[in-house]
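Encoded as C-alpha cells, the structure appears first; notes follow it.
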Number of protein chains: 2
Amino acid sequence: MALGKDYAHQQCSIARSLEVVGERWTLLVVRDAFYGVRRYGDFLAHLGAPRAVLAARLQALVDAGVLDRRRYQESPPRDEYVLTEAGLALWPVLRALGAWGRDRIPGTLPMRRFHHAACGTELGPGGECPSAGCPSHGRAVPPADIEMRPGAGLDPDPADPVSRALLRPRRLLVPLEHEPPAGNSPAAPVVVPDGH
Amino acid sequence: MALGKDYAHQQCSIARSLEVVGERWTLLVVRDAFYGVRRYGDFLAHLGAPRAVLAARLQALVDAGVLDRRRYQESPPRDEYVLTEAGLALWPVLRALGAWGRDRIPGTLPMRRFHHAACGTELGPGGECPSAGCPSHGRAVPPADIEMRPGAGLDPDPADPVSRALLRPRRLLVPLEHEPPAGNSPAAPVVVPDGH
DNA sequence: TTCATCGGTTCATTCACCGAACCCAGCGGG
DNA sequence: CCCGCTGGGTTCGGTGAATGAACCGATGAA
C-alpha cells in the first residue's frame, strides 16, 4: 500500500480515505467503473497500467468494499468488477477532482460533460441539476441519472476500443457492450437465456 | 512524480488533477494548509512525512500554482506556504474525501466537523449551509467562512504541538500561532522597525 | 491439434520512499 | 570571537513498490 502504516496514525477521515483510494491508478480504476468499464481487459486497455498493478488494485478495491467481483458467465468462468454502494459514494470525489482539473489546470479543455439524464441540463459545479423546472432542481444528481457527453478536449480518434466506446454519449454505470465471442449469427441475435 | 508520464496521455481532467495532487502526502499537505499550517516545520511535525519528501511536495505544489511561497520575515529569512486561489478551489475535493471516509469506511468516527462560521450550523453533505434562515442557505460555504471543530474520533491528547493546536475550534485558513523567538520582553513587545 | 482469448502471475529492472545524518545561515549569549 | 540553538532544508544508503515483458492455464474455436 502506498499509505498503509504511515497514514494509520493520522487522525483524519481524509487520510483514511487516501489509504483506500490514494494509491496510484486506484481512482482511475474507480473512474472507469463509473464510465461502465467492468472487465480486467477493458481496464487494462483504457488505463494502460501494468497488469500486475491493475490486478492488485482491483483486489484491494474489492477488499475495501468499493468494488464487487461477480461472475457474469460460467464457461469460461469470467468475473466483472462493479461498484458497490460505497463505491458509488465516491462520485462526488471524482466530480470534484475533474472539475478542479478542468477549471484550474492551465490548458485543460473540458473532456467530458455531465448532464442530468432526466432533463438534459448540464450539471452545476456541485453536481446538482441547475434547471429550475426540474423536479430535482438544486439537488445532487446520482451517478445513475447522469449522462456523459464528450467535450472539446477529447481525442476524436483514440487508439484503444474502450476509449472509442466512451466517445459516444452514455449513461454512467451502464456496462460497455461486448460482442459475444461468436459475433456473426445474422438472423439469430443471441437471446441471453436468463439474466439472473 | 507518482503519475507523470503515465497519466499524461490520459484524456481526462481527473487524471490531470491526479498528476498534480495524486502523489503520496500531497493532498495531506493541502489539507494542512487549509487547517492553517504554513511552515515547513509544522507540516513536518503534523504529517510525519520524510523531510525530503515534504520539501519535494511543497516545491511541486508551488510549481503547480497550488501553494504560494512567501517571505514572512527577513531576518533570518523565513518563508511560509499559503494556498493560492487554485489551491483554495481544492476544498470540495478534500471535503468529499473526508465525507466518504467518515461515512463509508467502517469504524471511522467523525474527526473534524465543519460549521458555517456566520450562523454556526454544521455544513451539509455537499458543503452547503443547511440553515433555512441563513443568507447563504443551500450554497457552498467558502473555506474562509468555515469553522472547524473537533469530532469524537480525535485523539484528545496528541503528541505533536500542531495537532494540539488543531484541537481547538478554529477558522480554516487562519495561520497557526507561533511565539516570536524571544518571547519574554514583558514591557517592550518588540516593534519591528519597518516591515518592507 | 493447433490457435486465440481472457485473466491473470512471475521476474528482473527501475524508481520512489524512507529515515537518519549532515549542512548552512542567522541569530543570541558568554 | 566562539559556541550552540533554531529553522529549513539536502544527501545518502537501504528498502519496497511500480514497470513492462514474458510466461501460464483454462476454455473454446478452426
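Letters for chains follow the order of the C-alpha cells (A, B, ...), residue numbers begin at 1 for each chain, and ligand numbers begin at 1 in the order shown.
All chain D residues having an atom within 8 Å of chain B, based on only C-alpha atoms (C1' of nucleotides), amount to DG7, DG8, DG9 and DT10 of chain D.
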Let's see if you can do this: from backbone DSSP, list all helix (DSSP H, G or I) residues in segment 63-150 of chain A, as an mmCIF file with N, CA and C atoms, in the first residue's frame.
```cif
data_model
loop_
_atom_site.group_PDB
_atom_site.id
_atom_site.type_symbol
_atom_site.label_atom_id
_atom_site.label_comp_id
_atom_site.auth_asym_id
_atom_site.auth_seq_id
_atom_site.Cartn_x
_atom_site.Cartn_y
_atom_site.Cartn_z
ATOM 1 N N ASP A 63 -11.450 -5.806 -1.662
ATOM 2 C CA ASP A 63 -11.261 -5.995 -0.220
ATOM 3 C C ASP A 63 -11.793 -4.805 0.579
ATOM 4 N N GLU A 85 -22.302 0.093 -3.216
ATOM 5 C CA GLU A 85 -22.854 1.335 -2.660
ATOM 6 C C GLU A 85 -21.730 2.286 -2.240
ATOM 7 N N ALA A 86 -20.764 1.731 -1.516
ATOM 8 C CA ALA A 86 -19.656 2.580 -1.048
ATOM 9 C C ALA A 86 -18.878 3.137 -2.238
ATOM 10 N N GLY A 87 -18.727 2.326 -3.261
ATOM 11 C CA GLY A 87 -18.041 2.809 -4.445
ATOM 12 C C GLY A 87 -18.808 3.932 -5.125
ATOM 13 N N LEU A 88 -20.113 3.770 -5.215
ATOM 14 C CA LEU A 88 -20.932 4.817 -5.832
ATOM 15 C C LEU A 88 -20.823 6.130 -5.063
ATOM 16 N N TRP A 91 -18.516 9.143 -6.071
ATOM 17 C CA TRP A 91 -18.748 10.021 -7.217
ATOM 18 C C TRP A 91 -18.438 11.497 -6.927
ATOM 19 N N PRO A 92 -18.865 12.030 -5.771
ATOM 20 C CA PRO A 92 -18.526 13.440 -5.521
ATOM 21 C C PRO A 92 -17.035 13.713 -5.531
ATOM 22 N N VAL A 93 -16.245 12.753 -5.091
ATOM 23 C CA VAL A 93 -14.794 12.946 -5.102
ATOM 24 C C VAL A 93 -14.300 13.071 -6.541
ATOM 25 N N LEU A 94 -14.729 12.160 -7.394
ATOM 26 C CA LEU A 94 -14.287 12.203 -8.787
ATOM 27 C C LEU A 94 -14.783 13.462 -9.482
ATOM 28 N N ARG A 95 -16.019 13.826 -9.195
ATOM 29 C CA ARG A 95 -16.562 15.025 -9.833
ATOM 30 C C ARG A 95 -15.767 16.258 -9.429
ATOM 31 N N ALA A 96 -15.453 16.336 -8.130
ATOM 32 C CA ALA A 96 -14.707 17.495 -7.650
ATOM 33 C C ALA A 96 -13.303 17.524 -8.247
ATOM 34 N N LEU A 97 -12.667 16.369 -8.317
ATOM 35 C CA LEU A 97 -11.331 16.320 -8.910
ATOM 36 C C LEU A 97 -11.362 16.720 -10.379
ATOM 37 N N GLY A 98 -12.341 16.202 -11.097
ATOM 38 C CA GLY A 98 -12.451 16.526 -12.511
ATOM 39 C C GLY A 98 -12.729 18.002 -12.723
ATOM 40 N N ALA A 99 -13.604 18.566 -11.908
ATOM 41 C CA ALA A 99 -13.922 19.981 -12.045
ATOM 42 C C ALA A 99 -12.702 20.839 -11.747
ATOM 43 N N TRP A 100 -11.933 20.429 -10.750
ATOM 44 C CA TRP A 100 -10.736 21.210 -10.424
ATOM 45 C C TRP A 100 -9.736 21.181 -11.575
ATOM 46 N N GLY A 101 -9.502 19.989 -12.120
ATOM 47 C CA GLY A 101 -8.560 19.886 -13.228
ATOM 48 C C GLY A 101 -9.012 20.713 -14.427
ATOM 49 N N ARG A 102 -10.291 20.661 -14.709
ATOM 50 C CA ARG A 102 -10.821 21.390 -15.857
ATOM 51 C C ARG A 102 -10.689 22.893 -15.637
ATOM 52 N N ASP A 103 -10.990 23.364 -14.424
ATOM 53 C CA ASP A 103 -11.035 24.802 -14.173
ATOM 54 C C ASP A 103 -9.698 25.400 -13.773
ATOM 55 N N ARG A 104 -8.829 24.582 -13.155
ATOM 56 C CA ARG A 104 -7.668 25.166 -12.501
ATOM 57 C C ARG A 104 -6.334 24.739 -13.058
ATOM 58 N N PRO A 143 -25.194 9.246 -9.763
ATOM 59 C CA PRO A 143 -24.489 8.853 -10.984
ATOM 60 C C PRO A 143 -25.358 8.095 -11.976
ATOM 61 N N ALA A 144 -26.291 7.300 -11.478
ATOM 62 C CA ALA A 144 -27.106 6.512 -12.401
ATOM 63 C C ALA A 144 -27.991 7.400 -13.272
ATOM 64 N N ASP A 145 -28.213 8.631 -12.849
ATOM 65 C CA ASP A 145 -29.063 9.547 -13.623
ATOM 66 C C ASP A 145 -28.242 10.542 -14.427
#
```
Test item: residues at most 9 Å from Leu47 of chain B, only C-alpha atoms (C1' of nucleotides), excluding those fewer than 6 positions along its chain, as a VMD selection string: (chain A and resid 7 10) or (chain B and resid 25 28 to 29 32 54)
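Between atom CA of Glu80 of chain B and atom CA of Asp42 of chain B the interatomic distance comes to 10.3 Å.
Neighbouring residues of DC17 of chain C at 10 Å or closer, counting only C-alpha atoms (C1' of nucleotides) and skipping chain neighbours under 2 positions away, are A:Ala2, B:Arg24, B:Ala49, B:Pro50, B:Ala52, B:Val53, C:DC15, C:DG19, D:DT15, D:DG16, D:DA17.
Selecting strand (DSSP E) from the backbone DSSP output for segment 3-194 of chain A yields Leu67, Asp68, Arg69, Arg70, Arg71, Tyr72, Gln73, Glu74, Pro77, Arg78, Asp79, Glu80, Tyr81, Val82, Leu83, Arg112, Arg113, Phe114, His115, His116, Ile146, Glu147, Met148, Arg149, Pro150, Arg170 and Arg171 of chain A.
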Got a sec: who's within 6 Å of segment 172-176 of chain A, counting only C-alpha atoms (C1' of nucleotides), leaving out chain neighbours fewer than 4 positions off, as a PyMOL selection string? chain A and resi 34-37+144+146
Export of prior selection with all heavy atoms as a PDB file, in the first residue's frame:
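Result file follows (out-v8.pdb):
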```pdb
ATOM      1  N   PHE A  34     -17.192   3.918 -13.068  1.00  0.00           N
ATOM      2  CA  PHE A  34     -18.348   4.799 -13.279  1.00  0.00           C
ATOM      3  C   PHE A  34     -18.679   4.913 -14.760  1.00  0.00           C
ATOM      4  O   PHE A  34     -19.836   5.028 -15.143  1.00  0.00           O
ATOM      5  CB  PHE A  34     -18.084   6.185 -12.695  1.00  0.00           C
ATOM      6  CG  PHE A  34     -18.386   6.299 -11.231  1.00  0.00           C
ATOM      7  CD1 PHE A  34     -17.368   6.247 -10.307  1.00  0.00           C
ATOM      8  CD2 PHE A  34     -19.688   6.432 -10.776  1.00  0.00           C
ATOM      9  CE1 PHE A  34     -17.640   6.351  -8.939  1.00  0.00           C
ATOM     10  CE2 PHE A  34     -19.970   6.534  -9.429  1.00  0.00           C
ATOM     11  CZ  PHE A  34     -18.945   6.484  -8.499  1.00  0.00           C
ATOM     12  N   TYR A  35     -17.661   4.875 -15.591  1.00  0.00           N
ATOM     13  CA  TYR A  35     -17.888   5.025 -17.026  1.00  0.00           C
ATOM     14  C   TYR A  35     -18.453   3.750 -17.657  1.00  0.00           C
ATOM     15  O   TYR A  35     -18.768   3.744 -18.839  1.00  0.00           O
ATOM     16  CB  TYR A  35     -16.582   5.402 -17.732  1.00  0.00           C
ATOM     17  CG  TYR A  35     -16.089   6.805 -17.427  1.00  0.00           C
ATOM     18  CD1 TYR A  35     -14.882   7.261 -17.945  1.00  0.00           C
ATOM     19  CD2 TYR A  35     -16.831   7.681 -16.635  1.00  0.00           C
ATOM     20  CE1 TYR A  35     -14.421   8.540 -17.668  1.00  0.00           C
ATOM     21  CE2 TYR A  35     -16.367   8.951 -16.354  1.00  0.00           C
ATOM     22  CZ  TYR A  35     -15.167   9.381 -16.866  1.00  0.00           C
ATOM     23  OH  TYR A  35     -14.703  10.644 -16.592  1.00  0.00           O
ATOM     24  N   GLY A  36     -18.529   2.681 -16.903  1.00  0.00           N
ATOM     25  CA  GLY A  36     -19.103   1.446 -17.436  1.00  0.00           C
ATOM     26  C   GLY A  36     -18.096   0.346 -17.688  1.00  0.00           C
ATOM     27  O   GLY A  36     -18.456  -0.728 -18.172  1.00  0.00           O
ATOM     28  N   VAL A  37     -16.847   0.592 -17.382  1.00  0.00           N
ATOM     29  CA  VAL A  37     -15.834  -0.445 -17.550  1.00  0.00           C
ATOM     30  C   VAL A  37     -15.984  -1.458 -16.411  1.00  0.00           C
ATOM     31  O   VAL A  37     -16.158  -1.060 -15.247  1.00  0.00           O
ATOM     32  CB  VAL A  37     -14.412   0.164 -17.548  1.00  0.00           C
ATOM     33  CG1 VAL A  37     -13.362  -0.911 -17.658  1.00  0.00           C
ATOM     34  CG2 VAL A  37     -14.286   1.170 -18.672  1.00  0.00           C
ATOM     35  N   ALA A 144     -26.291   7.300 -11.478  1.00  0.00           N
ATOM     36  CA  ALA A 144     -27.106   6.512 -12.401  1.00  0.00           C
ATOM     37  C   ALA A 144     -27.991   7.400 -13.272  1.00  0.00           C
ATOM     38  O   ALA A 144     -28.456   6.971 -14.336  1.00  0.00           O
ATOM     39  CB  ALA A 144     -27.971   5.519 -11.620  1.00  0.00           C
ATOM     40  N   ILE A 146     -26.965  10.268 -14.567  1.00  0.00           N
ATOM     41  CA  ILE A 146     -26.103  11.202 -15.274  1.00  0.00           C
ATOM     42  C   ILE A 146     -25.752  10.656 -16.648  1.00  0.00           C
ATOM     43  O   ILE A 146     -25.401   9.480 -16.796  1.00  0.00           O
ATOM     44  CB  ILE A 146     -24.817  11.477 -14.457  1.00  0.00           C
ATOM     45  CG1 ILE A 146     -25.160  12.205 -13.159  1.00  0.00           C
ATOM     46  CG2 ILE A 146     -23.805  12.267 -15.273  1.00  0.00           C
ATOM     47  CD1 ILE A 146     -23.979  12.423 -12.241  1.00  0.00           C
TER      48      ILE A 146
END
```
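Comparing the minimum interatomic distances between Val20 of chain A and each of A:Leu44, A:Ala33, A:Val141, A:Val62, counting only C-alpha atoms, we find that A:Val62 sits nearest.
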Quick one: residues within 12 Å of His137 of chain A, only C-alpha atoms (C1' of nucleotides) counted, chain neighbours fewer than 3 positions away excluded, as a VMD selection string? (chain A and resid 116 118 to 119 121 to 124 127 to 134 140 to 141) or (chain B and resid 138)
Shell of 9 Å around segment 20-30 of chain D, only C-alpha atoms (C1' of nucleotides), local chain residues under 4 positions omitted, as a PyMOL selection string: (chain A and resi 50-51+75-77+182) or (chain C and resi 2-5+8-11)
Given the selection you just returned, output its residues as a file containing N, CA and C atoms (P, O5', C5', C4', C3', O3' and C1' of nucleotides), formatted as a PDB file, in the first residue's frame.
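Printed below is out_28.pdb as written:
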```pdb
ATOM      1  N   PRO A  50       0.253  -1.287 -15.688  1.00  0.00           N
ATOM      2  CA  PRO A  50       0.836  -2.631 -15.721  1.00  0.00           C
ATOM      3  C   PRO A  50      -0.168  -3.661 -15.215  1.00  0.00           C
ATOM      4  N   ARG A  51      -0.133  -4.846 -15.819  1.00  0.00           N
ATOM      5  CA  ARG A  51      -1.118  -5.872 -15.483  1.00  0.00           C
ATOM      6  C   ARG A  51      -1.094  -6.206 -14.010  1.00  0.00           C
ATOM      7  N   SER A  75     -18.780 -20.273 -18.452  1.00  0.00           N
ATOM      8  CA  SER A  75     -17.912 -21.084 -19.280  1.00  0.00           C
ATOM      9  C   SER A  75     -17.490 -20.304 -20.519  1.00  0.00           C
ATOM     10  N   PRO A  76     -16.261 -19.843 -20.531  1.00  0.00           N
ATOM     11  CA  PRO A  76     -15.279 -19.959 -19.451  1.00  0.00           C
ATOM     12  C   PRO A  76     -15.634 -19.043 -18.290  1.00  0.00           C
ATOM     13  N   PRO A  77     -15.207 -19.369 -17.093  1.00  0.00           N
ATOM     14  CA  PRO A  77     -15.564 -18.531 -15.953  1.00  0.00           C
ATOM     15  C   PRO A  77     -14.974 -17.130 -16.105  1.00  0.00           C
ATOM     16  N   ALA A 182     -18.695 -15.380 -30.598  1.00  0.00           N
ATOM     17  CA  ALA A 182     -19.120 -15.678 -31.965  1.00  0.00           C
ATOM     18  C   ALA A 182     -20.113 -14.618 -32.398  1.00  0.00           C
TER      19      ALA A 182
ATOM     20  P    DT C   2       0.018 -30.100 -32.762  1.00  0.00           P
ATOM     21  O5'  DT C   2      -0.449 -28.618 -33.101  1.00  0.00           O
ATOM     22  C5'  DT C   2      -0.917 -28.313 -34.408  1.00  0.00           C
ATOM     23  C4'  DT C   2      -1.724 -27.023 -34.375  1.00  0.00           C
ATOM     24  C3'  DT C   2      -1.034 -25.886 -33.620  1.00  0.00           C
ATOM     25  O3'  DT C   2      -0.803 -24.814 -34.519  1.00  0.00           O
ATOM     26  C1'  DT C   2      -3.331 -26.047 -33.039  1.00  0.00           C
ATOM     27  P    DC C   3      -0.013 -23.477 -34.043  1.00  0.00           P
ATOM     28  O5'  DC C   3      -1.183 -22.392 -33.938  1.00  0.00           O
ATOM     29  C5'  DC C   3      -2.332 -22.489 -34.780  1.00  0.00           C
ATOM     30  C4'  DC C   3      -3.413 -21.533 -34.279  1.00  0.00           C
ATOM     31  C3'  DC C   3      -2.865 -20.300 -33.566  1.00  0.00           C
ATOM     32  O3'  DC C   3      -3.439 -19.144 -34.152  1.00  0.00           O
ATOM     33  C1'  DC C   3      -4.514 -21.391 -32.226  1.00  0.00           C
ATOM     34  P    DA C   4      -2.954 -17.669 -33.677  1.00  0.00           P
ATOM     35  O5'  DA C   4      -4.186 -17.171 -32.797  1.00  0.00           O
ATOM     36  C5'  DA C   4      -5.495 -17.250 -33.327  1.00  0.00           C
ATOM     37  C4'  DA C   4      -6.502 -16.812 -32.278  1.00  0.00           C
ATOM     38  C3'  DA C   4      -6.060 -15.585 -31.477  1.00  0.00           C
ATOM     39  O3'  DA C   4      -7.164 -14.706 -31.360  1.00  0.00           O
ATOM     40  C1'  DA C   4      -6.539 -17.383 -30.000  1.00  0.00           C
ATOM     41  P    DT C   5      -7.006 -13.269 -30.638  1.00  0.00           P
ATOM     42  O5'  DT C   5      -7.770 -13.500 -29.255  1.00  0.00           O
ATOM     43  C5'  DT C   5      -9.054 -14.100 -29.267  1.00  0.00           C
ATOM     44  C4'  DT C   5      -9.582 -14.173 -27.845  1.00  0.00           C
ATOM     45  C3'  DT C   5      -9.168 -12.983 -26.964  1.00  0.00           C
ATOM     46  O3'  DT C   5     -10.306 -12.527 -26.259  1.00  0.00           O
ATOM     47  C1'  DT C   5      -8.554 -15.018 -25.922  1.00  0.00           C
ATOM     48  P    DG C   8      -8.584 -11.701 -13.028  1.00  0.00           P
ATOM     49  O5'  DG C   8      -7.250 -10.857 -13.190  1.00  0.00           O
ATOM     50  C5'  DG C   8      -6.087 -11.122 -12.470  1.00  0.00           C
ATOM     51  C4'  DG C   8      -5.371 -12.397 -12.913  1.00  0.00           C
ATOM     52  C3'  DG C   8      -4.018 -12.557 -12.279  1.00  0.00           C
ATOM     53  O3'  DG C   8      -4.126 -13.256 -11.061  1.00  0.00           O
ATOM     54  C1'  DG C   8      -4.030 -13.205 -14.599  1.00  0.00           C
ATOM     55  P    DT C   9      -3.001 -13.021  -9.962  1.00  0.00           P
ATOM     56  O5'  DT C   9      -1.703 -13.768 -10.528  1.00  0.00           O
ATOM     57  C5'  DT C   9      -1.672 -15.186 -10.571  1.00  0.00           C
ATOM     58  C4'  DT C   9      -0.286 -15.634 -10.996  1.00  0.00           C
ATOM     59  C3'  DT C   9       0.839 -15.169 -10.064  1.00  0.00           C
ATOM     60  O3'  DT C   9       1.734 -16.253  -9.870  1.00  0.00           O
ATOM     61  C1'  DT C   9       1.266 -14.448 -12.263  1.00  0.00           C
ATOM     62  P    DT C  10       2.957 -16.078  -8.817  1.00  0.00           P
ATOM     63  O5'  DT C  10       4.226 -15.856  -9.762  1.00  0.00           O
ATOM     64  C5'  DT C  10       4.287 -16.506 -11.009  1.00  0.00           C
ATOM     65  C4'  DT C  10       5.652 -16.278 -11.660  1.00  0.00           C
ATOM     66  C3'  DT C  10       6.780 -15.850 -10.720  1.00  0.00           C
ATOM     67  O3'  DT C  10       7.979 -16.467 -11.151  1.00  0.00           O
ATOM     68  C1'  DT C  10       6.429 -14.175 -12.365  1.00  0.00           C
ATOM     69  P    DC C  11       9.330 -16.386 -10.264  1.00  0.00           P
ATOM     70  O5'  DC C  11      10.158 -15.281 -11.059  1.00  0.00           O
ATOM     71  C5'  DC C  11      10.214 -15.319 -12.486  1.00  0.00           C
ATOM     72  C4'  DC C  11      10.979 -14.101 -13.015  1.00  0.00           C
ATOM     73  C3'  DC C  11      11.990 -13.515 -12.026  1.00  0.00           C
ATOM     74  O3'  DC C  11      13.190 -13.220 -12.713  1.00  0.00           O
ATOM     75  C1'  DC C  11      10.526 -11.828 -12.776  1.00  0.00           C
TER      76       DC C  11
END
```
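Proximity to Ser163 of chain A was assessed for A:Gly107, A:Glu23, A:Cys12, A:Phe43 counting only C-alpha atoms; the smallest distance is recorded for A:Phe43.
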